[in-house]
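A.B. asks: Input final33.cif, format and content: mmCIF, C-alpha atoms.
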```cif
data_upload
#
loop_
_atom_site.label_atom_id
_atom_site.label_comp_id
_atom_site.auth_asym_id
_atom_site.auth_seq_id
_atom_site.Cartn_x
_atom_site.Cartn_y
_atom_site.Cartn_z
CA MET A 26 28.13 -116.60 -76.62
CA LYS A 27 29.39 -115.47 -80.01
CA LYS A 28 26.58 -117.33 -81.69
CA LEU A 29 24.08 -115.68 -79.40
CA ILE A 30 25.46 -112.25 -80.18
CA CYS A 31 25.35 -112.94 -83.91
CA ALA A 32 21.77 -114.16 -83.65
CA LEU A 33 20.76 -111.07 -81.73
CA LEU A 34 22.48 -108.83 -84.25
CA ALA A 35 20.72 -110.60 -87.12
CA CYS A 36 17.36 -110.11 -85.44
CA ALA A 37 18.09 -106.47 -84.82
CA LEU A 38 19.04 -106.03 -88.46
CA LEU A 39 15.89 -107.76 -89.60
CA LEU A 40 13.76 -105.54 -87.37
CA ALA A 41 15.47 -102.44 -88.72
CA VAL A 42 14.72 -103.48 -92.28
CA CYS A 43 11.10 -104.19 -91.43
CA ALA A 44 10.71 -100.82 -89.76
CA GLY A 45 11.26 -99.28 -93.18
CA CYS A 46 8.30 -101.28 -94.45
CA GLY A 47 5.88 -99.48 -92.19
CA LYS A 48 4.45 -102.71 -91.00
CA GLU A 49 6.43 -105.63 -89.71
CA GLY A 50 6.82 -108.17 -92.51
CA GLN A 51 5.15 -106.03 -95.21
CA GLU A 52 6.99 -105.22 -98.43
CA ALA A 53 7.69 -101.63 -99.30
CA SER A 54 5.02 -99.74 -101.19
CA PHE A 55 5.59 -97.89 -104.42
CA GLN A 56 6.56 -94.29 -103.94
CA PRO A 57 4.03 -92.55 -106.22
CA GLU A 58 6.03 -89.53 -107.36
CA GLN A 59 9.30 -91.34 -107.72
CA THR A 60 7.80 -94.30 -109.56
CA VAL A 61 5.59 -92.33 -111.93
CA GLN A 62 8.38 -89.89 -112.79
CA ALA A 63 10.73 -92.76 -113.59
CA LEU A 64 8.11 -94.15 -115.93
CA LEU A 65 7.47 -90.80 -117.60
CA ASP A 66 11.22 -90.35 -118.11
CA SER A 67 11.70 -93.85 -119.51
CA GLY A 68 10.50 -93.10 -123.04
CA ALA A 69 7.87 -95.80 -122.74
CA PHE A 70 5.00 -93.53 -123.77
CA SER A 71 4.17 -92.26 -127.25
CA GLU A 72 2.68 -88.98 -126.09
CA THR A 73 2.75 -86.51 -123.22
CA LEU A 74 0.44 -87.68 -120.46
CA GLU A 75 -1.48 -85.28 -118.21
CA GLU A 76 -1.87 -85.51 -114.47
CA LEU A 77 -5.39 -86.46 -113.46
CA ASP A 78 -7.29 -87.18 -110.27
CA PRO A 79 -7.40 -91.00 -110.08
CA THR A 80 -10.93 -90.98 -108.67
CA LEU A 81 -12.14 -89.41 -111.94
CA LEU A 82 -10.83 -92.30 -113.98
CA PHE A 83 -11.15 -95.31 -111.70
CA SER A 84 -14.25 -96.33 -109.78
CA LEU A 85 -12.40 -96.57 -106.47
CA SER A 86 -14.58 -97.22 -103.45
CA GLY A 87 -14.32 -95.44 -100.12
CA GLU A 88 -13.41 -91.87 -99.35
CA ALA A 89 -11.03 -89.60 -101.21
CA GLU A 90 -8.76 -89.51 -98.15
CA ASP A 91 -8.19 -93.24 -98.53
CA TYR A 92 -6.26 -92.51 -101.73
CA GLU A 93 -4.26 -89.55 -100.55
CA GLY A 94 -0.88 -89.48 -102.20
CA SER A 95 -2.00 -91.46 -105.25
CA LEU A 96 -0.74 -90.25 -108.61
CA LEU A 97 -2.10 -90.75 -112.10
CA TYR A 98 -0.91 -89.61 -115.50
CA TYR A 99 -3.23 -90.37 -118.41
CA SER A 100 -3.70 -89.62 -122.08
CA THR A 101 -5.97 -86.69 -123.00
CA GLY A 102 -7.69 -88.89 -125.53
CA ALA A 103 -5.22 -89.89 -128.21
CA THR A 104 -4.25 -93.23 -126.62
CA ALA A 105 -4.99 -95.53 -123.69
CA GLU A 106 -1.57 -94.92 -122.13
CA THR A 107 -1.51 -94.67 -118.37
CA ALA A 108 0.95 -94.40 -115.48
CA ALA A 109 -0.58 -94.69 -112.02
CA VAL A 110 0.36 -95.49 -108.46
CA ILE A 111 -2.63 -95.82 -106.17
CA SER A 112 -1.73 -95.48 -102.50
CA VAL A 113 -4.15 -96.83 -99.90
CA ARG A 114 -4.32 -97.42 -96.16
CA ASP A 115 -3.89 -101.17 -95.93
CA ALA A 116 -3.42 -104.39 -97.81
CA ASP A 117 -7.15 -105.09 -98.10
CA GLN A 118 -7.72 -101.74 -99.78
CA ALA A 119 -4.76 -102.41 -102.03
CA ALA A 120 -6.32 -105.70 -103.14
CA ALA A 121 -9.65 -103.98 -103.79
CA ALA A 122 -7.97 -101.18 -105.76
CA ALA A 123 -6.04 -103.72 -107.82
CA GLU A 124 -9.31 -105.40 -108.75
CA VAL A 125 -10.82 -102.06 -109.81
CA LEU A 126 -7.82 -101.34 -112.02
CA ARG A 127 -7.88 -104.83 -113.49
CA THR A 128 -11.55 -104.39 -114.41
CA TRP A 129 -10.77 -100.96 -115.87
CA VAL A 130 -8.12 -102.46 -118.15
CA GLU A 131 -10.58 -105.11 -119.35
CA ASP A 132 -13.21 -102.46 -120.06
CA GLN A 133 -10.70 -100.41 -122.01
CA ILE A 134 -9.76 -103.43 -124.12
CA GLU A 135 -13.43 -103.88 -124.94
CA ALA A 136 -13.86 -100.18 -125.78
CA GLU A 137 -10.75 -99.99 -127.95
CA ARG A 138 -11.23 -103.23 -129.84
CA ASN A 139 -13.50 -101.70 -132.49
CA TYR A 140 -12.42 -98.10 -131.91
CA ARG A 141 -8.59 -98.14 -131.91
CA PRO A 142 -7.31 -101.69 -132.26
CA ALA A 143 -3.71 -100.45 -131.94
CA GLU A 144 -4.36 -99.65 -128.29
CA VAL A 145 -5.52 -103.17 -127.49
CA GLU A 146 -1.99 -104.59 -127.59
CA LYS A 147 -0.79 -101.93 -125.14
CA LEU A 148 -3.65 -102.79 -122.79
CA GLU A 149 -3.04 -106.49 -123.08
CA HIS A 150 0.55 -105.85 -121.95
CA ALA A 151 -0.53 -103.62 -119.07
CA ILE A 152 1.62 -103.87 -115.94
CA LEU A 153 -0.49 -104.26 -112.81
CA GLU A 154 1.41 -104.86 -109.58
CA THR A 155 0.58 -104.58 -105.88
CA ARG A 156 3.31 -103.78 -103.36
CA GLY A 157 2.55 -103.11 -99.75
CA ASN A 158 -0.25 -100.58 -99.58
CA SER A 159 0.00 -99.50 -103.21
CA VAL A 160 -0.96 -100.59 -106.71
CA LEU A 161 0.93 -99.77 -109.90
CA LEU A 162 -0.73 -99.65 -113.32
CA VAL A 163 1.15 -98.94 -116.52
CA VAL A 164 -0.23 -99.01 -120.05
CA ALA A 165 2.59 -98.04 -122.37
CA ALA A 166 3.53 -98.04 -126.02
CA ASP A 167 6.83 -99.71 -125.06
CA TRP A 168 5.90 -101.96 -122.16
CA GLU A 169 9.39 -103.44 -121.94
CA LYS A 170 10.91 -100.03 -121.32
CA ALA A 171 8.21 -99.36 -118.77
CA ALA A 172 8.99 -102.61 -116.94
CA GLN A 173 12.66 -101.69 -116.78
CA ALA A 174 11.81 -98.32 -115.23
CA ILE A 175 9.88 -99.83 -112.35
CA PRO A 176 11.89 -99.79 -109.10
CA ALA A 177 13.08 -103.20 -108.01
CA LYS A 178 11.47 -104.72 -104.98
CA MET B 3 -99.66 21.06 -113.85
CA ARG B 4 -100.67 18.90 -110.95
CA LYS B 5 -101.80 16.23 -113.37
CA LEU B 6 -98.51 16.38 -115.29
CA ILE B 7 -96.16 15.85 -112.31
CA PRO B 8 -97.16 12.19 -111.68
CA LEU B 9 -96.92 11.58 -115.39
CA ILE B 10 -93.43 13.09 -115.52
CA LEU B 11 -92.36 11.00 -112.50
CA LEU B 12 -93.65 7.86 -114.15
CA VAL B 13 -91.77 8.58 -117.33
CA ALA B 14 -88.62 9.27 -115.31
CA LEU B 15 -88.93 5.97 -113.52
CA LEU B 16 -89.40 4.09 -116.73
CA ALA B 17 -86.40 5.79 -118.27
CA ALA B 18 -84.26 4.96 -115.25
CA GLY B 19 -85.21 1.30 -115.49
CA CYS B 20 -84.19 1.09 -119.12
CA THR B 21 -80.72 2.58 -118.63
CA SER B 22 -79.79 1.38 -115.22
CA ASP B 23 -76.53 -0.40 -114.62
CA PRO B 24 -77.37 -3.88 -113.89
CA ASP B 25 -74.96 -3.76 -111.02
CA ALA B 26 -76.30 -0.65 -109.55
CA ALA B 27 -78.91 -0.70 -106.88
CA GLN B 28 -82.36 -0.40 -108.27
CA VAL B 29 -84.66 2.19 -107.17
CA SER B 30 -87.51 -0.21 -107.37
CA GLY B 31 -87.71 -3.24 -105.03
CA ALA B 32 -86.97 -6.08 -107.54
CA PRO B 33 -83.23 -6.35 -108.21
CA ALA B 34 -82.18 -6.51 -111.78
CA PRO B 35 -81.50 -10.08 -112.73
CA THR B 36 -77.82 -10.95 -112.55
CA PRO B 37 -76.76 -11.92 -115.96
CA PRO B 38 -75.09 -15.32 -115.99
CA ALA B 39 -71.42 -15.11 -115.30
CA SER B 40 -69.34 -15.82 -118.28
CA ALA B 41 -68.92 -19.66 -117.93
CA GLU B 42 -65.57 -21.32 -117.94
CA PRO B 43 -65.41 -23.41 -121.02
CA THR B 44 -66.16 -27.00 -120.14
CA PRO B 45 -62.80 -28.74 -120.39
CA THR B 46 -62.73 -31.22 -123.10
CA PRO B 47 -61.63 -34.41 -121.43
CA SER B 48 -58.31 -35.52 -122.74
CA PRO B 49 -58.62 -38.81 -124.39
CA ALA B 50 -57.09 -41.62 -122.38
CA PRO B 51 -53.60 -42.29 -123.67
CA THR B 52 -53.46 -45.23 -125.94
CA PRO B 53 -51.66 -47.88 -123.93
CA THR B 54 -48.33 -48.80 -125.38
CA PRO B 55 -48.64 -52.43 -126.30
CA THR B 56 -46.25 -54.75 -124.54
CA PRO B 57 -43.80 -55.71 -127.21
CA THR B 58 -44.21 -59.29 -128.22
CA PRO B 59 -40.85 -60.95 -127.71
CA GLU B 60 -39.22 -62.11 -130.87
CA PRO B 61 -39.48 -65.86 -131.17
CA TYR B 62 -36.14 -67.59 -130.53
CA ASP B 63 -34.28 -68.30 -133.75
CA TYR B 64 -33.19 -71.93 -133.41
CA SER B 65 -31.46 -71.80 -136.76
CA ALA B 66 -28.81 -69.52 -135.26
CA PRO B 67 -26.26 -70.59 -132.65
CA VAL B 68 -26.73 -69.52 -129.06
CA PRO B 69 -25.14 -66.08 -128.80
CA GLU B 70 -22.44 -65.17 -126.36
CA SER B 71 -23.58 -63.95 -122.96
CA GLU B 72 -22.17 -63.36 -119.52
CA ALA B 73 -20.58 -66.52 -118.17
CA VAL B 74 -22.78 -68.68 -116.01
CA GLU B 75 -21.51 -70.21 -112.79
CA ASP B 76 -20.35 -73.81 -112.61
CA SER B 77 -23.52 -74.58 -110.67
CA TRP B 78 -25.58 -73.82 -113.78
CA PHE B 79 -24.55 -77.26 -115.06
CA ALA B 80 -25.70 -79.07 -111.92
CA ASP B 81 -28.81 -80.38 -113.70
CA ALA B 82 -27.04 -81.04 -116.99
CA VAL B 83 -25.93 -84.25 -118.67
CA PHE B 84 -23.37 -84.54 -121.46
CA ILE B 85 -23.82 -87.24 -124.10
CA GLY B 86 -20.97 -88.06 -126.45
CA ASP B 87 -17.89 -89.98 -127.45
CA SER B 88 -14.23 -89.86 -126.40
CA ARG B 89 -14.03 -86.10 -126.88
CA THR B 90 -16.86 -85.70 -124.39
CA ASP B 91 -15.00 -88.04 -122.06
CA GLY B 92 -12.05 -85.68 -122.32
CA LEU B 93 -14.36 -82.82 -121.34
CA ARG B 94 -15.36 -84.85 -118.29
CA LEU B 95 -11.78 -85.56 -117.24
CA TYR B 96 -9.87 -82.42 -118.10
CA SER B 97 -12.19 -79.41 -118.36
CA GLY B 98 -12.55 -78.82 -114.63
CA ILE B 99 -16.29 -79.40 -114.76
CA LYS B 100 -17.46 -81.01 -111.54
CA ASP B 101 -20.45 -82.91 -110.21
CA VAL B 102 -22.10 -83.20 -113.60
CA ASP B 103 -23.39 -86.38 -115.22
CA PHE B 104 -21.79 -87.75 -118.35
CA LEU B 105 -23.13 -90.48 -120.63
CA CYS B 106 -20.14 -90.97 -122.88
CA TYR B 107 -18.13 -93.79 -124.36
CA LYS B 108 -15.12 -94.10 -126.65
CA GLY B 109 -16.19 -94.58 -130.22
CA LEU B 110 -19.89 -93.96 -129.51
CA THR B 111 -22.09 -93.23 -132.56
CA VAL B 112 -25.69 -92.11 -133.04
CA PHE B 113 -26.40 -95.57 -134.44
CA GLU B 114 -25.23 -97.20 -131.21
CA VAL B 115 -27.29 -94.77 -129.16
CA MET B 116 -30.44 -95.71 -131.11
CA ASP B 117 -29.55 -99.40 -130.82
CA ASN B 118 -29.14 -98.91 -127.08
CA LYS B 119 -25.68 -100.42 -127.03
CA ALA B 120 -24.93 -101.13 -123.35
CA VAL B 121 -21.94 -98.89 -122.69
CA ILE B 122 -22.95 -96.79 -119.68
CA GLN B 123 -21.98 -98.25 -116.32
CA THR B 124 -24.69 -97.94 -113.69
CA ASP B 125 -25.29 -99.55 -110.31
CA ASP B 126 -27.38 -102.15 -112.13
CA GLY B 127 -24.77 -102.94 -114.75
CA LYS B 128 -24.23 -101.50 -118.21
CA VAL B 129 -27.11 -99.85 -120.06
CA GLY B 130 -27.59 -97.85 -123.24
CA VAL B 131 -27.60 -94.06 -123.29
CA LEU B 132 -31.38 -93.86 -123.79
CA GLN B 133 -31.94 -96.34 -120.97
CA ALA B 134 -29.77 -94.20 -118.74
CA LEU B 135 -31.91 -91.16 -119.62
CA GLU B 136 -34.95 -93.07 -118.36
CA GLN B 137 -33.45 -93.16 -114.89
CA LYS B 138 -33.07 -89.45 -114.17
CA GLN B 139 -34.57 -86.18 -115.40
CA TYR B 140 -32.28 -83.35 -116.42
CA GLY B 141 -32.67 -79.64 -116.97
CA LYS B 142 -30.14 -79.44 -119.79
CA ILE B 143 -28.84 -82.06 -122.20
CA TYR B 144 -25.71 -81.46 -124.25
CA LEU B 145 -25.06 -83.69 -127.25
CA MET B 146 -21.93 -84.07 -129.36
CA LEU B 147 -21.78 -87.04 -131.74
CA GLY B 148 -20.58 -87.48 -135.30
CA ILE B 149 -16.79 -87.89 -135.38
CA ASN B 150 -16.98 -91.69 -135.27
CA GLU B 151 -19.62 -91.76 -138.01
CA LEU B 152 -17.48 -89.96 -140.59
CA GLY B 153 -16.52 -93.24 -142.22
CA TYR B 154 -20.08 -94.43 -142.76
CA TYR B 155 -20.47 -92.51 -146.03
CA ASN B 156 -24.17 -92.27 -145.40
CA ASP B 157 -25.05 -88.64 -144.81
CA GLN B 158 -28.79 -89.23 -144.95
CA GLY B 159 -28.49 -92.16 -142.59
CA PHE B 160 -26.54 -90.00 -140.15
CA ALA B 161 -29.09 -87.20 -140.47
CA ASP B 162 -32.07 -89.51 -139.96
CA THR B 163 -30.55 -91.29 -136.99
CA TYR B 164 -29.27 -88.12 -135.33
CA ALA B 165 -32.77 -86.62 -135.66
CA ALA B 166 -34.28 -89.79 -134.24
CA VAL B 167 -31.91 -89.61 -131.26
CA VAL B 168 -33.06 -86.05 -130.61
CA ASP B 169 -36.69 -87.18 -130.83
CA GLN B 170 -36.02 -89.91 -128.31
CA ILE B 171 -34.27 -87.53 -125.95
CA MET B 172 -37.17 -85.08 -126.16
CA GLU B 173 -39.62 -87.85 -125.36
CA LEU B 174 -37.61 -89.15 -122.41
CA GLN B 175 -36.73 -85.70 -121.09
CA PRO B 176 -39.72 -83.43 -121.86
CA ASP B 177 -38.61 -80.63 -119.57
CA ALA B 178 -34.98 -80.51 -120.61
CA ASP B 179 -33.40 -77.91 -122.84
CA ILE B 180 -31.40 -79.68 -125.50
CA TYR B 181 -28.14 -78.28 -126.83
CA LEU B 182 -26.71 -79.73 -130.03
CA GLN B 183 -23.00 -79.01 -130.15
CA SER B 184 -21.28 -78.51 -133.48
CA LEU B 185 -18.46 -80.95 -134.26
CA ILE B 186 -15.04 -79.50 -133.62
CA PRO B 187 -12.81 -79.82 -136.69
CA VAL B 188 -9.59 -81.83 -136.70
CA SER B 189 -5.99 -80.94 -137.50
CA THR B 190 -5.39 -82.24 -141.00
CA GLU B 191 -1.63 -82.02 -140.51
CA LYS B 192 -1.61 -83.96 -137.26
CA CYS B 193 -4.09 -86.54 -138.55
CA LEU B 194 -1.72 -87.28 -141.42
CA GLN B 195 1.28 -87.46 -139.11
CA THR B 196 -0.44 -89.90 -136.76
CA LYS B 197 -2.04 -91.89 -139.56
CA GLN B 198 -5.67 -91.35 -138.63
CA PRO B 199 -8.35 -92.98 -140.82
CA TYR B 200 -8.51 -91.32 -144.23
CA TYR B 201 -12.20 -90.50 -143.87
CA VAL B 202 -11.61 -88.19 -140.89
CA THR B 203 -11.67 -84.92 -142.81
CA ASN B 204 -12.87 -81.41 -142.13
CA GLU B 205 -14.85 -81.48 -145.34
CA GLN B 206 -17.02 -84.27 -144.00
CA ILE B 207 -17.19 -82.64 -140.58
CA ALA B 208 -18.58 -79.54 -142.30
CA VAL B 209 -21.28 -81.65 -143.97
CA TYR B 210 -22.25 -83.15 -140.63
CA ASN B 211 -22.31 -79.73 -138.99
CA GLU B 212 -24.80 -78.51 -141.61
CA ILE B 213 -26.94 -81.52 -140.79
CA ILE B 214 -26.77 -80.75 -137.07
CA GLU B 215 -27.72 -77.10 -137.69
CA THR B 216 -30.72 -78.19 -139.76
CA ILE B 217 -31.87 -80.59 -137.06
CA ALA B 218 -31.57 -77.92 -134.38
CA ALA B 219 -33.81 -75.60 -136.40
CA GLU B 220 -36.34 -78.31 -137.24
CA LYS B 221 -36.57 -79.71 -133.72
CA GLN B 222 -36.47 -76.27 -132.10
CA VAL B 223 -33.50 -77.08 -129.90
CA TYR B 224 -30.43 -74.99 -129.17
CA LEU B 225 -27.37 -75.05 -131.39
CA VAL B 226 -24.03 -74.39 -129.67
CA ASN B 227 -21.24 -73.52 -132.09
CA VAL B 228 -18.43 -74.96 -129.98
CA LYS B 229 -16.12 -75.29 -132.94
CA GLU B 230 -15.47 -71.57 -133.12
CA ALA B 231 -13.74 -71.75 -129.74
CA LEU B 232 -11.06 -74.15 -130.84
CA VAL B 233 -10.26 -73.57 -134.51
CA ASN B 234 -7.62 -71.34 -136.05
CA GLU B 235 -8.03 -68.85 -138.87
CA ASP B 236 -8.12 -71.73 -141.33
CA GLY B 237 -11.05 -73.31 -139.54
CA GLU B 238 -8.90 -76.21 -138.35
CA LEU B 239 -7.85 -77.52 -134.98
CA PRO B 240 -4.28 -76.24 -134.56
CA ALA B 241 -1.70 -78.99 -134.88
CA ASP B 242 -0.13 -78.13 -131.52
CA ALA B 243 -3.48 -78.38 -129.78
CA SER B 244 -3.68 -82.13 -130.22
CA SER B 245 -1.61 -85.30 -129.97
CA ASP B 246 -3.43 -87.15 -132.71
CA GLY B 247 -5.27 -84.41 -134.60
CA ILE B 248 -8.63 -85.40 -133.16
CA HIS B 249 -8.46 -85.14 -129.37
CA PHE B 250 -7.34 -82.04 -127.53
CA HIS B 251 -4.73 -81.27 -124.93
CA LYS B 252 -6.01 -80.36 -121.50
CA GLU B 253 -6.29 -76.67 -122.44
CA GLY B 254 -8.63 -77.50 -125.30
CA TYR B 255 -11.15 -79.14 -123.00
CA GLN B 256 -10.93 -76.20 -120.64
CA THR B 257 -11.55 -73.81 -123.54
CA TRP B 258 -14.55 -75.89 -124.59
CA TYR B 259 -16.03 -75.69 -121.11
CA GLN B 260 -15.47 -71.95 -120.91
CA TYR B 261 -17.28 -71.57 -124.23
CA LEU B 262 -20.28 -73.43 -122.89
CA LYS B 263 -20.32 -71.17 -119.85
CA THR B 264 -20.55 -68.09 -122.08
CA HIS B 265 -23.10 -69.58 -124.45
CA ALA B 266 -26.05 -70.53 -122.29
CA ALA B 267 -29.41 -69.77 -123.91
CA GLU B 268 -30.82 -66.46 -122.66
CA GLU B 269 -34.27 -67.92 -122.40
CA GLU B 270 -32.74 -70.23 -119.81
CA LEU B 271 -30.96 -67.39 -118.04
CA SER B 272 -34.10 -65.21 -117.69
#
```
Hey, can you dump this file as structure tokens for me?

C.D. replies:
Amino acid sequence: MKKLICALLACALLLAVCAGCGKEGQEASFQPEQTVQALLDSGAFSETLEELDPTLLFSLSGEAEDYEGSLLYYSTGATAETAAVISVRDADQAAAAAEVLRTWVEDQIEAERNYRPAEVEKLEHAILETRGNSVLLVVAADWEKAAQAIPAK
Amino acid sequence: MRKLIPLILLVALLAAGCTSDPDAAQVSGAPAPTPPASAEPTPTPSPAPTPTPTPTPEPYDYSAPVPESEAVEDSWFADAVFIGDSRTDGLRLYSGIKDVDFLCYKGLTVFEVMDNKAVIQTDDGKVGVLQALEQKQYGKIYLMLGINELGYYNDQGFADTYAAVVDQIMELQPDADIYLQSLIPVSTEKCLQTKQPYYVTNEQIAVYNEIIETIAAEKQVYLVNVKEALVNEDGELPADASSDGIHFHKEGYQTWYQYLKTHAAEEELS
């Protein structure tokens, strides 16, 4: 009987944790404002970044509503530094968005190689991570500081 | 006596006829002829007024920058395309301009435009700027190139190639009005602080701006003196307006856009 009660309690606890994920079994997504602010406060960037509509920078497919809640901070031209959390509706969209961001980073490496070689190293150490229904992209001057500022899973 | 009376009567009649008032009734049957009334002088027709000739409009002076005018609406740029480098990309991202085409790329030069370097992403893959212009007709084309060519140390080469780019654009876009934008100076102080290439100087930018002005006059295209919107009293980009001395903060791109809105060619506006 005791074992049964313990098992039931464990299941209930597991269900409670998963309820916070939004979907049963899915890991928690990045919280855009919280995550981006932590990065901006970390000292990982060499300049002040400006908030920007992510759909202006990234060729994200679908409708604007699909990316509601997404947050992007980007350089106004001096560097390639970036802090972005793209929030989407489901895991498939998250995978597609991650691919768009990965391609963007590769294109930036190509553009900067003969233009500003110093930015290439930042781009090559870009942090690109998918969690739940969100994708994080960080291009920073100090990528180690940026990594430390990212919330643990 | 009897013979004299008729004679006297006859003489009297004759005398009466000689002295009679022409207006008075005549004793004899035939009325005295009415002398012609004094005629009104025939009016001399006034000569037709010489028509005032319609003033011939002064030909547009392409050697002078487009003057300031009332701001146009955002929609005025709906048929425009902006060609340029990373500064133009900043205009795209931060100025607030919407639903306008941009053909821009970091580090782009006039040489790469003429060589059709494939940098513009389209549905069919990457193409050169001139190839992209083959795909759509525009009403207005804004061009700003030159910052990335400062280190070439070939002023004539820059001039020849820039002019050739304009020729190509005119051929591909025969109905478009072309606006050559002056290069916006840099912040010498901030360039030194951030260790920008030594050849990025306002002296060389001034040389290139003279070249651009000459080309605008020769090709009969509009010159837009954007630089005056962003420089300080020393003719430099203020140090606090830029992170690296070359690119602007968000406000700078907004100021640039506002300048374009108040410097649309009047020929276009009429």

A.B. asks: Just the number, please: distance in Å from CA of Gln158 (chain B) to CA of Ala208 (chain B), one decimal.

C.D. replies: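 Going from CA of Gln158 (chain B) over to CA of Ala208 (chain B) covers 14.3 Å.
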
A.B. asks: Around (-3.8, -90.3, -103.4) in the file's frame, which residues reach within 8 Å when counting only C-alpha atoms? Return as a PyMOL selection string?

C.D. replies: chain A and resi 79+89-96+111-113

A.B. asks: Pick out the closest residue to chain A from this set: B:Tyr155, B:Phe113, B:Tyr96, B:Tyr210. Count all atoms listed in the file.

C.D. replies: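 Closest to chain A of all the choices is B:Tyr96.
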
A.B. asks: Run the PyMOL selection byres ((chain A) within 8 of (chain B)) on the file and write out the hits as a count of residues only.

C.D. replies: 12

A.B. asks: Could you jot down the CA of Ala166 (chain A) to CA of Ala116 (chain A) separation for me, Å, one decimal place?

C.D. replies: 29.7 Å

A.B. asks: Figure out the distance between CA of Glu70 (chain B) and CA of Ala178 (chain B), please, to one decimal in Å.

C.D. replies: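 Atom-to-atom, CA of Ala178 (chain B) to CA of Glu70 (chain B), that is 20.6 Å.
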
A.B. asks: Any chance you could tabulate, as a tab-separated table, the residues of region 71-137 of chain A at most 12 Å from region 150-154 of chain A with each one's nearest atom pair and distance in Å to one decimal, using all atoms listed in the file, in chain and rising number order?

C.D. replies:
```
residue	atom	partner	partner_atom	distance
A:Ala105	CA	A:Ala151	CA	10.3
A:Glu106	CA	A:Ala151	CA	9.3
A:Thr107	CA	A:Ala151	CA	9.0
A:Ala108	CA	A:Ile152	CA	9.5
A:Ala109	CA	A:Leu153	CA	9.6
A:Val110	CA	A:Glu154	CA	9.5
A:Ile111	CA	A:Glu154	CA	10.5
A:Ala119	CA	A:Glu154	CA	10.1
A:Ala120	CA	A:Glu154	CA	10.1
A:Ala122	CA	A:Leu153	CA	10.7
A:Ala123	CA	A:Leu153	CA	7.5
A:Glu124	CA	A:Leu153	CA	9.8
A:Val125	CA	A:Leu153	CA	11.0
A:Leu126	CA	A:Leu153	CA	7.9
A:Arg127	CA	A:Leu153	CA	7.4
A:Thr128	CA	A:Leu153	CA	11.2
A:Trp129	CA	A:Ala151	CA	11.1
A:Val130	CA	A:Ala151	CA	7.7
A:Glu131	CA	A:Ala151	CA	10.2
A:Gln133	CA	A:Ala151	CA	11.1
A:Ile134	CA	A:Ala151	CA	10.5
```
